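*Asks:* File input_24.pdb follows (PDB, C-alpha atoms, pLDDT in the B column):
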ATOM      1  CA  SER A   1     -32.957  -2.932  10.182  1.00 42.00           C
ATOM      2  CA  LEU A   2     -33.716  -5.689  12.652  1.00 48.00           C
ATOM      3  CA  ASP A   3     -36.944  -5.722  14.643  1.00 46.00           C
ATOM      4  CA  THR A   4     -37.294  -9.327  15.794  1.00 41.00           C
ATOM      5  CA  VAL A   5     -35.205 -12.466  15.815  1.00 39.00           C
ATOM      6  CA  ASN A   6     -37.974 -14.393  14.108  1.00 38.00           C
ATOM      7  CA  SER A   7     -35.836 -15.083  11.058  1.00 45.00           C
ATOM      8  CA  VAL A   8     -32.877 -15.998  13.232  1.00 50.00           C
ATOM      9  CA  THR A   9     -34.199 -18.195  16.030  1.00 47.00           C
ATOM     10  CA  GLY A  10     -37.929 -18.662  15.455  1.00 47.00           C
ATOM     11  CA  THR A  11     -38.963 -16.535  18.418  1.00 49.00           C
ATOM     12  CA  ASP A  12     -40.652 -13.151  18.719  1.00 52.00           C
ATOM     13  CA  GLU A  13     -38.036 -11.632  20.996  1.00 60.00           C
ATOM     14  CA  VAL A  14     -36.481  -8.298  20.090  1.00 72.00           C
ATOM     15  CA  VAL A  15     -33.009  -8.791  18.682  1.00 85.00           C
ATOM     16  CA  PHE A  16     -31.449  -5.617  19.994  1.00 90.00           C
ATOM     17  CA  PRO A  17     -33.567  -3.973  22.698  1.00 90.00           C
ATOM     18  CA  ASN A  18     -30.887  -1.336  23.267  1.00 93.00           C
ATOM     19  CA  GLY A  19     -29.595   0.977  20.563  1.00 94.00           C
ATOM     20  CA  ASN A  20     -30.831   1.721  17.071  1.00 92.00           C
ATOM     21  CA  GLY A  21     -27.799   0.751  14.986  1.00 94.00           C
ATOM     22  CA  THR A  22     -26.504   4.246  14.324  1.00 95.00           C
ATOM     23  CA  GLU A  23     -22.987   5.457  15.061  1.00 96.00           C
ATOM     24  CA  GLY A  24     -24.314   7.564  17.937  1.00 97.00           C
ATOM     25  CA  SER A  25     -26.532   4.801  19.324  1.00 96.00           C
ATOM     26  CA  PRO A  26     -25.105   1.426  18.288  1.00 97.00           C
ATOM     27  CA  TYR A  27     -26.945  -1.839  18.811  1.00 96.00           C
ATOM     28  CA  GLU A  28     -25.783  -3.337  22.118  1.00 96.00           C
ATOM     29  CA  VAL A  29     -24.524  -6.905  21.753  1.00 96.00           C
ATOM     30  CA  SER A  30     -24.338  -9.129  24.837  1.00 95.00           C
ATOM     31  CA  SER A  31     -24.944 -12.680  23.549  1.00 91.00           C
ATOM     32  CA  ALA A  32     -23.959 -15.039  20.739  1.00 90.00           C
ATOM     33  CA  VAL A  33     -27.518 -14.784  19.426  1.00 86.00           C
ATOM     34  CA  GLN A  34     -27.096 -11.043  18.937  1.00 91.00           C
ATOM     35  CA  LEU A  35     -23.586 -11.455  17.541  1.00 93.00           C
ATOM     36  CA  TYR A  36     -24.927 -13.921  14.987  1.00 90.00           C
ATOM     37  CA  ALA A  37     -27.756 -11.543  14.068  1.00 91.00           C
ATOM     38  CA  MET A  38     -25.258  -8.890  12.981  1.00 94.00           C
ATOM     39  CA  ARG A  39     -25.138 -10.610   9.586  1.00 93.00           C
ATOM     40  CA  TYR A  40     -28.675  -9.413   8.868  1.00 91.00           C
ATOM     41  CA  ASP A  41     -27.758  -5.717   9.060  1.00 94.00           C
ATOM     42  CA  LEU A  42     -24.219  -5.422   7.744  1.00 95.00           C
ATOM     43  CA  ASP A  43     -24.017  -1.628   7.596  1.00 95.00           C
ATOM     44  CA  ALA A  44     -25.217  -1.013  11.159  1.00 96.00           C
ATOM     45  CA  HIS A  45     -23.088  -0.064  14.159  1.00 97.00           C
ATOM     46  CA  TYR A  46     -22.652  -2.419  17.127  1.00 97.00           C
ATOM     47  CA  LYS A  47     -21.050  -2.370  20.578  1.00 98.00           C
ATOM     48  CA  LEU A  48     -20.272  -5.283  22.884  1.00 98.00           C
ATOM     49  CA  THR A  49     -21.652  -4.884  26.396  1.00 98.00           C
ATOM     50  CA  ALA A  50     -20.505  -8.295  27.712  1.00 97.00           C
ATOM     51  CA  ASP A  51     -17.966 -11.021  27.019  1.00 97.00           C
ATOM     52  CA  ILE A  52     -19.478 -13.476  24.525  1.00 95.00           C
ATOM     53  CA  ASP A  53     -18.846 -17.228  24.460  1.00 92.00           C
ATOM     54  CA  VAL A  54     -19.835 -18.410  20.987  1.00 89.00           C
ATOM     55  CA  GLY A  55     -19.501 -22.044  22.060  1.00 83.00           C
ATOM     56  CA  GLU A  56     -22.262 -21.712  24.639  1.00 74.00           C
ATOM     57  CA  THR A  57     -25.632 -23.379  24.001  1.00 59.00           C
ATOM     58  CA  PHE A  58     -28.797 -21.314  24.350  1.00 56.00           C
ATOM     59  CA  ASP A  59     -32.277 -22.600  25.191  1.00 52.00           C
ATOM     60  CA  MET A  60     -34.760 -20.870  22.908  1.00 48.00           C
ATOM     61  CA  ASP A  61     -38.433 -21.468  22.155  1.00 50.00           C
ATOM     62  CA  MET A  62     -37.463 -23.566  19.143  1.00 45.00           C
ATOM     63  CA  GLY A  63     -35.110 -25.696  21.252  1.00 51.00           C
ATOM     64  CA  GLU A  64     -31.377 -25.524  21.760  1.00 55.00           C
ATOM     65  CA  VAL A  65     -29.448 -23.052  19.618  1.00 55.00           C
ATOM     66  CA  HIS A  66     -25.676 -23.182  19.276  1.00 59.00           C
ATOM     67  CA  TYR A  67     -23.047 -21.776  16.970  1.00 70.00           C
ATOM     68  CA  ASN A  68     -20.361 -24.435  17.228  1.00 69.00           C
ATOM     69  CA  LEU A  69     -19.601 -24.054  13.518  1.00 81.00           C
ATOM     70  CA  TRP A  70     -19.735 -20.335  12.846  1.00 90.00           C
ATOM     71  CA  ARG A  71     -20.612 -18.959   9.426  1.00 91.00           C
ATOM     72  CA  PRO A  72     -18.759 -15.670   8.945  1.00 95.00           C
ATOM     73  CA  ILE A  73     -20.509 -12.322   9.280  1.00 96.00           C
ATOM     74  CA  GLY A  74     -20.288 -10.894   5.768  1.00 96.00           C
ATOM     75  CA  ALA A  75     -20.018 -14.301   4.090  1.00 94.00           C
ATOM     76  CA  VAL A  76     -19.136 -13.568   0.456  1.00 93.00           C
ATOM     77  CA  THR A  77     -19.121 -16.110  -2.375  1.00 91.00           C
ATOM     78  CA  PRO A  78     -17.967 -15.701  -6.014  1.00 88.00           C
ATOM     79  CA  SER A  79     -21.604 -15.295  -7.115  1.00 89.00           C
ATOM     80  CA  ASP A  80     -21.832 -12.115  -5.008  1.00 90.00           C
ATOM     81  CA  PHE A  81     -19.734 -10.215  -7.554  1.00 87.00           C
ATOM     82  CA  ASN A  82     -21.302  -8.641 -10.636  1.00 85.00           C
ATOM     83  CA  GLN A  83     -20.019  -9.032 -14.194  1.00 78.00           C
ATOM     84  CA  GLU A  84     -17.727  -6.025 -13.776  1.00 80.00           C
ATOM     85  CA  GLY A  85     -16.046  -7.703 -10.811  1.00 81.00           C
ATOM     86  CA  SER A  86     -17.540  -5.382  -8.179  1.00 87.00           C
ATOM     87  CA  LEU A  87     -19.047  -6.770  -5.006  1.00 88.00           C
ATOM     88  CA  LYS A  88     -22.809  -6.418  -4.840  1.00 84.00           C
ATOM     89  CA  ASP A  89     -24.225  -4.197  -2.093  1.00 86.00           C
ATOM     90  CA  GLY A  90     -25.236  -5.787   1.186  1.00 87.00           C
ATOM     91  CA  LYS A  91     -22.775  -8.668   1.110  1.00 93.00           C
ATOM     92  CA  ALA A  92     -19.718  -7.491   3.073  1.00 96.00           C
ATOM     93  CA  PHE A  93     -19.657  -5.983   6.567  1.00 97.00           C
ATOM     94  CA  THR A  94     -19.492  -2.203   6.176  1.00 97.00           C
ATOM     95  CA  GLY A  95     -20.664  -1.176   9.656  1.00 97.00           C
ATOM     96  CA  SER A  96     -18.696  -1.115  12.886  1.00 98.00           C
ATOM     97  CA  LEU A  97     -18.141  -3.251  15.953  1.00 98.00           C
ATOM     98  CA  ASP A  98     -16.681  -1.644  19.059  1.00 98.00           C
ATOM     99  CA  GLY A  99     -15.624  -4.413  21.412  1.00 98.00           C
ATOM    100  CA  ASP A 100     -15.394  -1.906  24.289  1.00 98.00           C
ATOM    101  CA  SER A 101     -12.566  -4.006  25.781  1.00 98.00           C
ATOM    102  CA  LYS A 102     -14.777  -7.124  25.895  1.00 98.00           C
ATOM    103  CA  SER A 103     -14.018 -10.572  24.437  1.00 98.00           C
ATOM    104  CA  ILE A 104     -15.450 -13.063  21.960  1.00 97.00           C
ATOM    105  CA  SER A 105     -14.332 -16.634  22.628  1.00 95.00           C
ATOM    106  CA  ASN A 106     -14.616 -20.243  21.477  1.00 93.00           C
ATOM    107  CA  VAL A 107     -15.104 -19.542  17.789  1.00 92.00           C
ATOM    108  CA  THR A 108     -14.828 -22.412  15.312  1.00 92.00           C
ATOM    109  CA  VAL A 109     -15.168 -21.457  11.650  1.00 92.00           C
ATOM    110  CA  LEU A 110     -15.187 -24.156   8.966  1.00 84.00           C
ATOM    111  CA  ASP A 111     -15.373 -23.037   5.341  1.00 89.00           C
ATOM    112  CA  ASP A 112     -18.072 -24.806   3.331  1.00 87.00           C
ATOM    113  CA  GLY A 113     -16.067 -24.489   0.123  1.00 89.00           C
ATOM    114  CA  THR A 114     -17.927 -21.445  -1.234  1.00 91.00           C
ATOM    115  CA  LEU A 115     -16.403 -18.524   0.690  1.00 93.00           C
ATOM    116  CA  ILE A 116     -13.954 -15.838  -0.506  1.00 93.00           C
ATOM    117  CA  GLY A 117     -12.894 -14.825   3.023  1.00 95.00           C
ATOM    118  CA  VAL A 118     -13.070 -16.982   6.139  1.00 96.00           C
ATOM    119  CA  GLY A 119     -12.970 -15.788   9.759  1.00 97.00           C
ATOM    120  CA  LEU A 120     -15.298 -14.506  12.461  1.00 97.00           C
ATOM    121  CA  PHE A 121     -16.021 -11.920   9.743  1.00 97.00           C
ATOM    122  CA  GLY A 122     -15.731 -13.079   6.164  1.00 96.00           C
ATOM    123  CA  VAL A 123     -15.287  -9.863   4.183  1.00 96.00           C
ATOM    124  CA  THR A 124     -15.334  -6.209   5.256  1.00 97.00           C
ATOM    125  CA  ALA A 125     -15.648  -3.301   2.839  1.00 95.00           C
ATOM    126  CA  GLY A 126     -16.034   0.483   2.793  1.00 94.00           C
ATOM    127  CA  THR A 127     -15.351   1.972   6.193  1.00 95.00           C
ATOM    128  CA  GLY A 128     -16.049  -1.285   8.031  1.00 97.00           C
ATOM    129  CA  THR A 129     -14.488  -1.028  11.484  1.00 98.00           C
ATOM    130  CA  ILE A 130     -13.664  -3.569  14.198  1.00 98.00           C
ATOM    131  CA  LYS A 131     -11.859  -2.270  17.272  1.00 98.00           C
ATOM    132  CA  ASN A 132     -11.176  -2.615  21.005  1.00 98.00           C
ATOM    133  CA  LEU A 133     -11.727  -6.370  21.081  1.00 98.00           C
ATOM    134  CA  THR A 134     -10.106  -9.526  22.440  1.00 98.00           C
ATOM    135  CA  LEU A 135     -10.643 -12.702  20.419  1.00 97.00           C
ATOM    136  CA  LYS A 136      -9.898 -15.955  22.267  1.00 96.00           C
ATOM    137  CA  ASP A 137      -9.771 -19.678  21.573  1.00 95.00           C
ATOM    138  CA  VAL A 138     -10.272 -19.578  17.821  1.00 95.00           C
ATOM    139  CA  THR A 139     -10.041 -22.279  15.169  1.00 95.00           C
ATOM    140  CA  VAL A 140     -10.541 -21.192  11.563  1.00 96.00           C
ATOM    141  CA  THR A 141     -10.181 -23.634   8.675  1.00 94.00           C
ATOM    142  CA  GLY A 142     -10.392 -22.572   5.041  1.00 93.00           C
ATOM    143  CA  THR A 143     -10.704 -25.003   2.163  1.00 89.00           C
ATOM    144  CA  GLU A 144      -8.523 -24.906  -0.943  1.00 85.00           C
ATOM    145  CA  SER A 145     -11.004 -22.563  -2.636  1.00 84.00           C
ATOM    146  CA  ALA A 146     -10.909 -19.903   0.109  1.00 89.00           C
ATOM    147  CA  MET A 147      -8.894 -16.875  -1.024  1.00 90.00           C
ATOM    148  CA  THR A 148      -8.144 -15.440   2.435  1.00 94.00           C
ATOM    149  CA  VAL A 149      -8.338 -16.829   5.970  1.00 96.00           C
ATOM    150  CA  GLY A 150      -7.885 -14.993   9.284  1.00 96.00           C
ATOM    151  CA  GLY A 151      -8.960 -15.351  12.888  1.00 97.00           C
ATOM    152  CA  LEU A 152     -10.900 -12.073  12.901  1.00 97.00           C
ATOM    153  CA  VAL A 153     -11.467 -11.214   9.221  1.00 97.00           C
ATOM    154  CA  GLY A 154     -10.774 -13.210   6.110  1.00 96.00           C
ATOM    155  CA  TYR A 155     -10.505 -10.299   3.695  1.00 95.00           C
ATOM    156  CA  THR A 156     -10.638  -6.528   4.173  1.00 96.00           C
ATOM    157  CA  MET A 157     -11.502  -5.260   0.690  1.00 93.00           C
ATOM    158  CA  SER A 158     -11.188  -1.519   1.268  1.00 93.00           C
ATOM    159  CA  PRO A 159      -8.185   0.586   2.308  1.00 92.00           C
ATOM    160  CA  ASN A 160     -10.658   2.516   4.463  1.00 94.00           C
ATOM    161  CA  THR A 161     -11.416  -0.509   6.632  1.00 95.00           C
ATOM    162  CA  VAL A 162     -10.178  -0.086  10.215  1.00 97.00           C
ATOM    163  CA  ILE A 163      -8.970  -3.003  12.350  1.00 97.00           C
ATOM    164  CA  GLU A 164      -7.412  -1.634  15.518  1.00 97.00           C
ATOM    165  CA  ASN A 165      -6.755  -2.485  19.168  1.00 98.00           C
ATOM    166  CA  VAL A 166      -7.610  -6.157  18.677  1.00 98.00           C
ATOM    167  CA  THR A 167      -5.855  -9.013  20.477  1.00 98.00           C
ATOM    168  CA  LEU A 168      -5.954 -12.660  19.431  1.00 97.00           C
ATOM    169  CA  THR A 169      -5.031 -14.904  22.344  1.00 97.00           C
ATOM    170  CA  THR A 170      -6.124 -18.077  24.132  1.00 95.00           C
ATOM    171  CA  ASP A 171      -7.370 -19.192  27.540  1.00 90.00           C
ATOM    172  CA  LYS A 172      -8.333 -22.814  26.927  1.00 85.00           C
ATOM    173  CA  LEU A 173      -6.819 -24.032  23.673  1.00 80.00           C
ATOM    174  CA  PRO A 174      -3.109 -24.919  23.474  1.00 87.00           C
ATOM    175  CA  GLN A 175      -3.026 -22.583  20.461  1.00 92.00           C
ATOM    176  CA  ASN A 176      -5.405 -20.706  18.221  1.00 95.00           C
ATOM    177  CA  VAL A 177      -5.192 -22.434  14.833  1.00 95.00           C
ATOM    178  CA  ILE A 178      -5.713 -20.626  11.525  1.00 96.00           C
ATOM    179  CA  THR A 179      -5.449 -22.805   8.395  1.00 94.00           C
ATOM    180  CA  GLY A 180      -5.709 -21.948   4.710  1.00 93.00           C
ATOM    181  CA  LYS A 181      -4.075 -22.206   1.308  1.00 89.00           C
ATOM    182  CA  VAL A 182      -3.635 -18.765  -0.211  1.00 86.00           C
ATOM    183  CA  CYS A 183      -3.472 -15.691   2.073  1.00 91.00           C
ATOM    184  CA  VAL A 184      -3.543 -16.638   5.738  1.00 93.00           C
ATOM    185  CA  GLY A 185      -2.992 -14.485   8.832  1.00 93.00           C
ATOM    186  CA  GLY A 186      -3.567 -14.569  12.559  1.00 94.00           C
ATOM    187  CA  LEU A 187      -6.093 -11.705  12.594  1.00 96.00           C
ATOM    188  CA  VAL A 188      -6.545 -10.734   8.942  1.00 96.00           C
ATOM    189  CA  GLY A 189      -6.028 -13.041   5.996  1.00 95.00           C
ATOM    190  CA  GLY A 190      -5.617 -10.375   3.345  1.00 94.00           C
ATOM    191  CA  GLY A 191      -6.156  -6.672   2.704  1.00 93.00           C
ATOM    192  CA  THR A 192      -5.745  -3.792   5.135  1.00 87.00           C
ATOM    193  CA  SER A 193      -3.056  -4.154   7.786  1.00 88.00           C
ATOM    194  CA  PRO A 194      -4.321  -4.026  11.389  1.00 94.00           C
ATOM    195  CA  ASN A 195      -3.287  -1.153  13.639  1.00 95.00           C
ATOM    196  CA  ASN A 196      -2.042  -1.648  17.195  1.00 96.00           C
ATOM    197  CA  CYS A 197      -3.069  -5.312  17.249  1.00 97.00           C
ATOM    198  CA  THR A 198      -1.504  -8.339  18.948  1.00 96.00           C
ATOM    199  CA  VAL A 199      -1.435 -12.015  18.032  1.00 96.00           C
ATOM    200  CA  GLU A 200      -0.457 -14.462  20.795  1.00 95.00           C
ATOM    201  CA  SER A 201      -0.426 -18.251  21.093  1.00 94.00           C
ATOM    202  CA  THR A 202      -1.471 -18.792  17.500  1.00 94.00           C
ATOM    203  CA  THR A 203      -0.422 -21.341  14.894  1.00 93.00           C
ATOM    204  CA  VAL A 204      -0.913 -20.376  11.247  1.00 92.00           C
ATOM    205  CA  ASN A 205      -0.945 -23.364   8.891  1.00 89.00           C
ATOM    206  CA  LEU A 206      -0.463 -22.917   5.148  1.00 84.00           C
ATOM    207  CA  PHE A 207      -1.108 -25.882   2.882  1.00 79.00           C
ATOM    208  CA  GLY A 208      -0.231 -24.003  -0.311  1.00 60.00           C
ATOM    209  CA  ASP A 209       2.822 -21.933  -1.234  1.00 57.00           C
ATOM    210  CA  ASN A 210       1.505 -18.380  -1.006  1.00 56.00           C
ATOM    211  CA  THR A 211       1.325 -15.782   1.772  1.00 52.00           C
ATOM    212  CA  VAL A 212       1.324 -16.025   5.541  1.00 53.00           C
ATOM    213  CA  GLY A 213       0.612 -12.731   7.305  1.00 54.00           C
ATOM    214  CA  ASP A 214       2.112 -11.650  10.627  1.00 52.00           C
ATOM    215  CA  ASP A 215      -1.266 -10.257  11.744  1.00 57.00           C
TER     216      ASP A 215
END
How does the structure come out when it is put into structure tokens?
*Replies:*
Amino acid sequence: SLDTVNSVTGTDEVVFPNGNGTEGSPYEVSSAVQLYAMRYDLDAHYKLTADIDVGETFDMDMGEVHYNLWRPIGAVTPSDFNQEGSLKDGKAFTGSLDGDSKSISNVTVLDDGTLIGVGLFGVTAGTGTIKNLTLKDVTVTGTESAMTVGGLVGYTMSPNTVIENVTLTTDKLPQNVITGKVCVGGLVGGGTSPNNCTVESTTVNLFGDNTVGDD
């Protein structure tokens, strides 16, 4: 569990003053700092309480903090799999995020060449759930080594993962742009199909000869 943001921003502030990360009392997320901190407790439950602009710069005790180049929540690399080919525990996002009809905007994700899935979330597994969310003004770029690339999630590993009531749209950019080589989609690069989701004003670029997803 998360008690302080010391490991995240160098301060002693409480990460999530509201909620305890359970399904009945999810951590309340109202800033990019808190959204970023979700990666440190991947099986917890979260709920947005405000629209979040990831491109905004925050003044912290350690100086300015910004997330202009976002590293996915649940960033999984090939070394995170054991010899049997199973993903090690604590690597993928297995918790939940309820957007509560709020938005996350101005997300730019650039793969560093090591990631399996590339998006706001890299890889989800188990009963990982993302719902009731609007994602706006997104640019996601996967390298040739990235297996799956999507605006919201690169790869949903489990059939029990739930992606529902999510809209990908734009306010500022001419288009959202999702780019990859293998499996590429507007919301989800590969895996479980989203339910009741919408993709608007989005260009999906494929620089290989594999799969482009509708969602």
*Asks:* To one decimal in Å, tell me the separation between atom CA of A:Ala37 and atom CA of A:Val107.
*Replies:*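 So the answer is 15.4 Å.
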*Asks:* Return as a list in words the set of residues that the PyMOL selection byres ((chain A and resi 189) around 6) yields on the displayed structure.
*Replies:*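 This file, filtered by the PyMOL selection byres ((chain A and resi 189) around 6), leaves Thr148, Val149, Gly150, Gly154, Tyr155, Cys183, Val184, Gly185, Val188 and Gly190 of chain A.
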*Asks:* Excluding A:Val29 and its own-chain neighbours fewer than 2 positions away, which residues fall within 12 Å of it when counting all atoms listed in the file? Please give them as a ChimeraX atom specification.
*Replies:* /A:15-21,26-27,31-38,45-52,97-100,102-104
*Asks:* Identify which of the residues A:Leu173, A:Ile73, A:Val138, A:Val14 lies closest to A:Phe93, counting only C-alpha atoms when measuring atom-to-atom distances.
*Replies:*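 So, comparing all the options, the nearest one is A:Ile73.
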*Asks:* What separation in Å, quoted to one decimal, exists between atom CA of A:Arg71 and atom CA of A:Glu84?
*Replies:*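 Atom-to-atom, atom CA of A:Arg71 to atom CA of A:Glu84, that is 26.7 Å.
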*Asks:* Return the single residue from A:Val199, A:Ala75, A:Leu42, A:Val118 that is closest to A:Thr141, with distances computed using only C-alpha atoms.
*Replies:* A:Val118
*Asks:* Quick one, how far is atom CA of A:Gly90 from atom CA of A:Gly151?
*Replies:* 22.2 Å
*Asks:* Name the closest residue to A:Tyr40 among the candidates A:Gly122, A:Gly74, A:Gly113, A:Gly186; distances are taken between atoms, counting all atoms listed in the file.
*Replies:*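 Looking only at the distances to A:Tyr40, the closest residue turns out to be A:Gly74.
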*Asks:* For the structure provided, state which residues fall under the PyMOL selection byres ((chain A and resi 203) around 12), and present them as a ChimeraX atom specification.
*Replies:* /A:137-141,150-151,168-170,173-180,184-187,199-202,204-206,212-215
*Asks:* With only C-alpha atoms as the atoms that count, which of A:Gly55, A:Gly191, A:Gly128, A:Pro72 lies nearest to A:Leu110?
*Replies:*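 Going through A:Gly55, A:Gly191, A:Gly128, A:Pro72 one by one, the smallest distance to A:Leu110 is for A:Pro72.
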*Asks:* For each of A:Ala92, A:Met147, A:Leu120, A:Ile130, take the minimum atom-to-atom distance to A:Ile163, counting all atoms listed in the file, then give the residue where this is smallest.
*Replies:*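 Answer, going by the shortest atom-to-atom distance: A:Ile130.
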*Asks:* Go through A:Asn195, A:Thr143, A:Thr77, A:Asn160 and flag the residue nearest A:Lys131, using only C-alpha atoms for the distances.
*Replies:*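 Smallest distance to A:Lys131 is found for A:Asn195.
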*Asks:* Draw an axis-aligned box over all listed atoms of stretch 158-173 of chain A, pad each side with 3 Å, and write its centre and edge lengths in Å, one decimal, as lines of an AutoDock Vina configuration file.
*Replies:*
center_x = -8.2
center_y = -10.8
center_z = 14.4
size_x = 12.4
size_y = 32.5
size_z = 32.3
*Asks:* List, as a list in words, every residue that the PyMOL selection byres ((chain A and resi 166) around 6) selects in the file provided.
*Replies:*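 Checking the PyMOL selection byres ((chain A and resi 166) around 6) against this file, the residues are Lys131, Asn132, Leu133, Thr134, Glu164, Asn165, Thr167 and Cys197 of chain A.
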*Asks:* Dump C-alpha atoms for the selected residues as a compact mmCIF listing (two decimals), keeping the file's coordinate frame?
*Replies:*
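Everything below was put into selection_4.txt:
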# COMPACT_ATOMS: atom_id res chain seq x y z
CA LYS A 131 -11.86 -2.27 17.27
CA ASN A 132 -11.18 -2.62 21.00
CA LEU A 133 -11.73 -6.37 21.08
CA THR A 134 -10.11 -9.53 22.44
CA GLU A 164 -7.41 -1.63 15.52
CA ASN A 165 -6.76 -2.48 19.17
CA THR A 167 -5.86 -9.01 20.48
CA CYS A 197 -3.07 -5.31 17.25
*Asks:* Counting only C-alpha atoms, write as a PyMOL selection string all protein and nucleic acid residues lying at most 9 Å from (-12.3, -2.9, 3.7) in the file's frame.
*Replies:* chain A and resi 92-94+123-129+155-162+191-192
*Asks:* Take the structure in the block and write a file for stretch 155-170 of chain A, N, CA, C and O atoms, as a CSV table (one decimal), in the first residue's frame.
*Replies:*
chain,number,residue,atom,x,y,z
A,155,TYR,N,-2.0,-3.9,-23.7
A,155,TYR,CA,-2.3,-5.3,-23.8
A,155,TYR,C,-3.2,-5.8,-22.6
A,155,TYR,O,-2.7,-5.6,-21.4
A,156,THR,N,-4.3,-6.3,-22.8
A,156,THR,CA,-5.2,-6.9,-21.8
A,156,THR,C,-4.9,-8.4,-21.8
A,156,THR,O,-5.4,-9.1,-22.7
A,157,MET,N,-4.2,-8.9,-20.8
A,157,MET,CA,-3.8,-10.3,-20.9
A,157,MET,C,-4.9,-11.3,-20.5
A,157,MET,O,-4.9,-12.4,-21.0
A,158,SER,N,-5.9,-10.9,-19.7
A,158,SER,CA,-6.9,-11.8,-19.2
A,158,SER,C,-8.2,-11.6,-19.8
A,158,SER,O,-8.6,-10.5,-20.1
A,159,PRO,N,-8.9,-12.7,-20.1
A,159,PRO,CA,-10.3,-12.5,-20.6
A,159,PRO,C,-11.3,-11.9,-19.6
A,159,PRO,O,-12.4,-11.5,-19.9
A,160,ASN,N,-10.8,-11.9,-18.3
A,160,ASN,CA,-11.6,-11.3,-17.2
A,160,ASN,C,-11.4,-9.8,-17.0
A,160,ASN,O,-12.1,-9.2,-16.2
A,161,THR,N,-10.5,-9.3,-17.8
A,161,THR,CA,-10.3,-7.8,-17.8
A,161,THR,C,-11.5,-7.1,-18.3
A,161,THR,O,-12.1,-7.5,-19.3
A,162,VAL,N,-11.9,-6.0,-17.7
A,162,VAL,CA,-13.1,-5.2,-18.1
A,162,VAL,C,-12.6,-3.8,-18.6
A,162,VAL,O,-12.0,-3.1,-17.8
A,163,ILE,N,-12.9,-3.5,-19.8
A,163,ILE,CA,-12.7,-2.1,-20.3
A,163,ILE,C,-14.1,-1.7,-20.8
A,163,ILE,O,-14.6,-2.2,-21.9
A,164,GLU,N,-14.8,-0.8,-20.1
A,164,GLU,CA,-16.1,-0.4,-20.6
A,164,GLU,C,-16.4,1.0,-20.3
A,164,GLU,O,-15.9,1.7,-19.4
A,165,ASN,N,-17.3,1.6,-21.1
A,165,ASN,CA,-17.8,3.0,-21.0
A,165,ASN,C,-16.6,3.9,-21.1
A,165,ASN,O,-16.5,4.8,-20.2
A,166,VAL,N,-15.7,3.7,-22.0
A,166,VAL,CA,-14.5,4.6,-22.2
A,166,VAL,C,-14.6,5.2,-23.6
A,166,VAL,O,-14.9,4.6,-24.6
A,167,THR,N,-14.4,6.5,-23.6
A,167,THR,CA,-14.3,7.3,-24.9
A,167,THR,C,-13.0,7.9,-25.1
A,167,THR,O,-12.4,8.5,-24.2
A,168,LEU,N,-12.4,7.7,-26.3
A,168,LEU,CA,-11.2,8.3,-26.7
A,168,LEU,C,-11.6,9.4,-27.7
A,168,LEU,O,-12.1,9.1,-28.8
A,169,THR,N,-11.2,10.7,-27.4
A,169,THR,CA,-11.6,11.8,-28.2
A,169,THR,C,-10.5,12.9,-28.1
A,169,THR,O,-9.5,12.6,-27.6
A,170,THR,N,-10.8,14.0,-28.7
A,170,THR,CA,-9.8,15.1,-28.6
A,170,THR,C,-10.5,16.5,-28.5
A,170,THR,O,-11.6,16.7,-29.0
